[in-house]
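Shown here: structure.csv, CSV, C-alpha atoms.
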chain,number,residue,atom,x,y,z
E,74,ASP,CA,102.6,67.7,90.2
E,75,LEU,CA,105.3,69.2,92.5
E,76,VAL,CA,103.6,67.9,95.7
E,77,GLY,CA,103.4,64.4,94.3
E,78,LEU,CA,107.0,64.6,93.2
E,79,ILE,CA,108.2,65.7,96.6
E,80,ASP,CA,106.1,63.0,98.3
E,81,ALA,CA,107.5,60.3,96.1
E,82,TRP,CA,111.1,61.5,96.7
E,83,GLY,CA,110.4,61.7,100.5
E,84,GLU,CA,109.0,58.1,100.5
E,85,GLY,CA,112.1,56.9,98.7
E,86,PHE,CA,114.5,58.8,100.9
E,87,VAL,CA,112.9,57.5,104.1
E,88,GLY,CA,112.5,54.0,102.7
E,89,GLU,CA,116.2,53.9,101.9
E,90,LEU,CA,117.0,54.4,105.5
E,91,ASP,CA,115.0,51.3,106.6
E,92,TYR,CA,117.5,48.4,106.3
E,93,ARG,CA,114.8,45.8,106.8
E,94,GLN,CA,113.2,47.0,103.6
E,95,GLU,CA,116.5,47.0,101.8
E,96,ALA,CA,117.0,43.4,102.9
E,97,LYS,CA,113.5,42.5,101.5
E,98,ASN,CA,114.3,44.3,98.2
E,99,SER,CA,117.5,42.3,97.8
E,100,GLN,CA,115.8,39.0,98.6
E,101,LYS,CA,112.9,39.8,96.3
E,102,PHE,CA,115.4,40.5,93.5
E,103,GLN,CA,117.3,37.3,94.1
E,104,ALA,CA,114.2,35.2,94.1
E,105,SER,CA,112.9,36.8,90.9
E,106,ILE,CA,116.1,36.8,88.9
E,107,GLU,CA,116.7,33.1,89.7
E,108,GLU,CA,113.5,32.4,87.7
E,109,THR,CA,115.1,33.9,84.6
E,110,PRO,CA,118.0,32.8,82.4
E,111,LEU,CA,120.2,35.4,84.2
E,112,GLY,CA,119.9,33.6,87.5
E,113,GLY,CA,123.4,32.1,87.4
E,114,ALA,CA,125.1,35.2,86.1
E,115,VAL,CA,123.9,37.9,88.5
E,116,PHE,CA,123.0,38.1,92.2
E,117,ALA,CA,122.6,40.2,95.2
E,118,PRO,CA,124.6,39.6,98.4
E,119,PRO,CA,122.8,37.1,100.6
E,120,VAL,CA,121.3,38.8,103.6
E,121,VAL,CA,122.2,37.5,107.1
E,122,GLU,CA,118.7,38.1,108.6
E,123,GLN,CA,119.6,37.3,112.3
E,124,CYS,CA,122.0,40.2,112.2
E,125,CYS,CA,119.7,42.8,110.6
E,126,SER,CA,117.4,45.5,112.1
E,127,LYS,CA,115.8,48.7,111.0
E,128,LYS,CA,119.2,50.4,111.4
E,129,VAL,CA,121.6,47.6,110.6
E,130,LEU,CA,121.9,45.6,107.4
E,131,THR,CA,124.3,42.6,107.3
E,132,THR,CA,125.0,40.6,104.2
E,133,GLN,CA,127.6,38.0,103.3
E,134,TRP,CA,130.9,39.6,102.3
E,135,ILE,CA,131.3,39.6,98.6
E,136,LEU,CA,134.8,39.3,97.1
E,137,GLY,CA,134.9,41.4,93.9
E,138,GLU,CA,136.1,44.4,92.1
E,139,ARG,CA,134.2,47.3,90.7
E,140,LEU,CA,133.0,46.4,87.3
E,141,GLU,CA,134.3,49.6,85.6
E,142,LEU,CA,137.8,49.1,87.2
E,143,SER,CA,138.2,45.5,86.3
E,144,ALA,CA,140.7,44.4,83.6
E,145,ALA,CA,139.2,41.0,83.2
E,146,LYS,CA,138.4,39.8,79.7
E,147,ASP,CA,134.7,39.2,80.6
E,148,VAL,CA,133.8,42.8,81.5
E,149,THR,CA,132.0,43.4,78.2
E,150,LYS,CA,129.9,40.3,78.8
E,151,LEU,CA,129.1,41.4,82.3
E,152,CYS,CA,128.1,44.8,81.0
E,153,SER,CA,125.6,43.0,78.8
E,154,VAL,CA,124.5,41.0,81.8
E,155,ALA,CA,123.9,44.2,83.7
E,156,MET,CA,121.9,45.7,80.8
E,157,ASN,CA,119.8,42.6,80.4
E,158,THR,CA,119.3,42.4,84.2
E,159,TYR,CA,118.0,46.0,84.3
E,160,LEU,CA,115.7,45.4,81.4
E,161,THR,CA,114.4,42.3,83.1
E,162,MET,CA,113.7,44.2,86.2
E,163,LEU,CA,112.0,47.0,84.2
E,164,LEU,CA,109.9,44.9,81.9
E,165,GLU,CA,109.4,41.5,83.6
E,166,THR,CA,109.9,41.5,87.4
E,167,GLY,CA,108.9,45.1,88.2
E,168,GLY,CA,111.3,45.6,91.0
E,169,LEU,CA,113.8,48.1,89.6
E,170,HIS,CA,117.1,48.8,91.4
E,171,ALA,CA,117.2,52.6,91.2
E,172,ASP,CA,120.8,53.2,92.2
E,173,PRO,CA,122.9,51.6,89.4
E,174,HIS,CA,126.1,53.7,89.8
E,175,PRO,CA,129.5,52.0,89.1
E,176,GLY,CA,130.2,51.4,92.8
E,177,ASN,CA,127.2,49.1,93.1
E,178,LEU,CA,128.3,46.8,90.3
E,179,LEU,CA,130.9,44.2,91.2
E,180,ARG,CA,132.7,41.6,89.2
E,181,THR,CA,133.3,38.5,91.3
E,182,PRO,CA,136.3,36.2,90.9
E,183,ASP,CA,134.0,33.5,89.4
E,184,GLY,CA,132.9,35.9,86.7
E,185,ARG,CA,129.5,36.8,88.0
E,186,LEU,CA,127.9,40.2,88.5
E,187,CYS,CA,126.9,41.3,92.0
E,188,ILE,CA,124.5,44.2,92.4
E,189,LEU,CA,124.9,46.0,95.7
E,190,ASP,CA,122.7,48.5,97.7
E,191,TRP,CA,119.1,47.6,97.4
E,192,GLY,CA,117.8,50.6,99.5
E,193,LEU,CA,116.4,52.5,96.6
E,194,VAL,CA,114.0,50.3,94.5
E,195,THR,CA,111.1,51.4,92.4
E,196,ASN,CA,108.3,48.9,92.1
E,197,LEU,CA,106.5,49.1,88.7
E,198,ASP,CA,103.1,47.5,88.5
E,199,SER,CA,102.3,45.2,85.6
E,200,GLY,CA,100.0,47.8,84.0
E,201,PHE,CA,102.9,50.2,83.7
E,202,ARG,CA,105.2,47.6,82.3
E,203,VAL,CA,102.7,46.6,79.7
E,204,ALA,CA,102.1,50.3,78.8
E,205,TYR,CA,105.8,50.8,78.5
E,206,ILE,CA,106.3,47.8,76.2
E,207,GLU,CA,103.3,49.0,74.0
E,208,HIS,CA,104.8,52.5,73.9
E,209,ILE,CA,108.2,51.1,72.7
E,210,ALA,CA,106.3,49.0,70.1
E,211,HIS,CA,104.5,52.0,68.8
E,212,LEU,CA,107.7,54.0,68.5
E,213,VAL,CA,109.6,51.1,66.8
E,214,SER,CA,106.8,50.4,64.3
E,215,GLY,CA,106.3,54.1,63.5
E,216,ASP,CA,102.7,53.9,64.8
E,217,TYR,CA,102.6,57.5,66.2
E,218,GLU,CA,98.9,57.9,66.6
E,219,PRO,CA,98.7,56.2,70.1
E,220,ILE,CA,101.8,58.0,71.4
E,221,ALA,CA,99.8,60.7,73.3
E,222,GLN,CA,97.6,58.2,75.0
E,223,ASP,CA,100.8,56.1,75.8
E,224,LEU,CA,102.3,59.1,77.6
E,225,VAL,CA,99.1,59.5,79.6
E,226,LEU,CA,99.1,55.8,80.6
E,227,LEU,CA,102.8,56.1,81.6
E,228,GLY,CA,102.1,59.2,83.7
E,229,PHE,CA,104.2,61.6,81.6
E,230,ILE,CA,101.3,63.9,80.7
E,231,PRO,CA,98.1,64.5,82.6
E,232,ASP,CA,94.9,62.8,81.4
E,233,GLY,CA,93.0,65.2,79.1
E,234,MET,CA,96.1,66.7,77.6
E,235,GLU,CA,96.4,64.2,74.7
E,236,GLN,CA,95.2,66.7,72.1
E,237,GLN,CA,97.8,69.3,73.1
E,238,VAL,CA,100.5,66.6,72.6
E,239,LYS,CA,99.2,65.7,69.2
E,240,ASN,CA,99.0,69.4,68.2
E,241,SER,CA,102.6,70.0,69.4
E,242,GLU,CA,103.9,67.5,66.8
E,243,VAL,CA,105.9,65.7,69.5
E,244,ALA,CA,105.4,62.6,67.5
E,245,GLY,CA,104.7,62.3,63.9
Written form, structure tokens:
Amino acid sequence: DLVGLIDAWGEGFVGELDYRQEAKNSQKFQASIEETPLGGAVFAPPVVEQCCSKKVLTTQWILGERLELSAAKDVTKLCSVAMNTYLTMLLETGGLHADPHPGNLLRTPDGRLCILDWGLVTNLDSGFRVAYIEHIAHLVSGDYEPIAQDLVLLGFIPDGMEQQVKNSEVAG
């Protein structure tokens, strides 16, 4: 679906240029991650709302160093925190930070992980998250019969193409 792909890319590109939306994404992440065991280990820079507009985003200054450049002894732990944070976003909260390059991950002096740049966020509805978890469960348990239907539910193959996937021996 080339048109759908281009439309989705365009929405993300234009959305990333609206700093009010980026502020909302950051605040939504902060509120949701605080409800998990990761709340004290990872955060987004607090937004200074009175200094924001569609074209200006202002956050509190965060002291820190890029995670991949840090020589601190807790970098391995913070990499695990990052992985768990992204899995939590993907599988639990549904708001997935979609720009996780090294420049957006900081180690703060107090040993926490700060995730920067919330302009590009993919929102995954609960149906997708459940379908993804079920797909992983099918793969892990060796139950390959439902894989084709999983791929339809996840949007990887069009509805009605399940038999072609089964015939292709992609799984099984």
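Between atom CA of E:Ser99 and atom CA of E:Gly167 the interatomic distance comes to 13.2 Å.
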message = Can you tell me which residues surround E:Lys101 at a distance of at most 12 Å, considering all atoms listed in the file, apart from same-chain residues fewer than 3 positions away, and format the answer as number ranges by chain?
response = E: 94-98, 104-108, 116-120, 162, 166-170, 191, 194, 196
Stretch 171-239 of chain E near stretch 150-159 of chain E within 9 Å: what's each residue's closest atom pair and its distance in Å to one decimal, counting only C-alpha atoms, ordered by chain then ascending residue number, as JSON lines?
{"residue": "E:Leu178", "atom": "CA", "partner": "E:Ala155", "partner_atom": "CA", "distance": 8.3}
{"residue": "E:Arg180", "atom": "CA", "partner": "E:Leu151", "partner_atom": "CA", "distance": 7.8}
{"residue": "E:Gly184", "atom": "CA", "partner": "E:Leu151", "partner_atom": "CA", "distance": 8.0}
{"residue": "E:Arg185", "atom": "CA", "partner": "E:Leu151", "partner_atom": "CA", "distance": 7.3}
{"residue": "E:Leu186", "atom": "CA", "partner": "E:Leu151", "partner_atom": "CA", "distance": 6.4}
{"residue": "E:Ile188", "atom": "CA", "partner": "E:Ala155", "partner_atom": "CA", "distance": 8.7}
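Among the candidate residues E:Val115, E:Gly77, E:Leu224, E:Gln123, the one lying nearest to E:His211 is E:Leu224, with distances computed using all atoms listed in the file.
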key: Point-to-point distance in Å for atom CA of E:Thr109 and atom CA of E:Leu140   =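 According to the coordinates, atom CA of E:Leu140 and atom CA of E:Thr109 are separated by 22.0 Å.
If all atoms listed in the file are the atoms counted, then among E:Gly137, E:Gly200, E:Gly113, E:Gly192 the closest residue to E:Gly176 is E:Gly137.
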query = From the set E:Glu165, E:Asp190, E:Asp232, E:Glu138, which residue has the shortest atom-to-atom contact distance to E:Asn177, counting only C-alpha atoms?
reply = E:Asp190
query = Pick from E:Val121, E:Ile206, E:Thr195, E:Pro182: nearest to E:Gln133, with all atoms listed in the file counted?
reply =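 Smallest distance to E:Gln133 is found for E:Val121.
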request  = For atom CA of E:Cys187 and atom CA of E:Lys127, determine how far apart the two atoms are, in Å to one decimal place.
outcome  =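 We find that atom CA of E:Cys187 and atom CA of E:Lys127 lie 23.2 Å from each other.
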task = Check the smallest atom-to-atom distance from each of E:Ala204, E:Asn240, E:Glu84, E:Leu189 to E:Asp172 using only C-alpha atoms, then report the winner.
result = E:Leu189
ask   = Nearest to E:Ala171 among E:Leu193, E:Ala145, E:Ile79, E:Val213, with distances taken over all atoms listed in the file: which residue is it?
value =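 The answer is E:Leu193, which sits nearest to E:Ala171.
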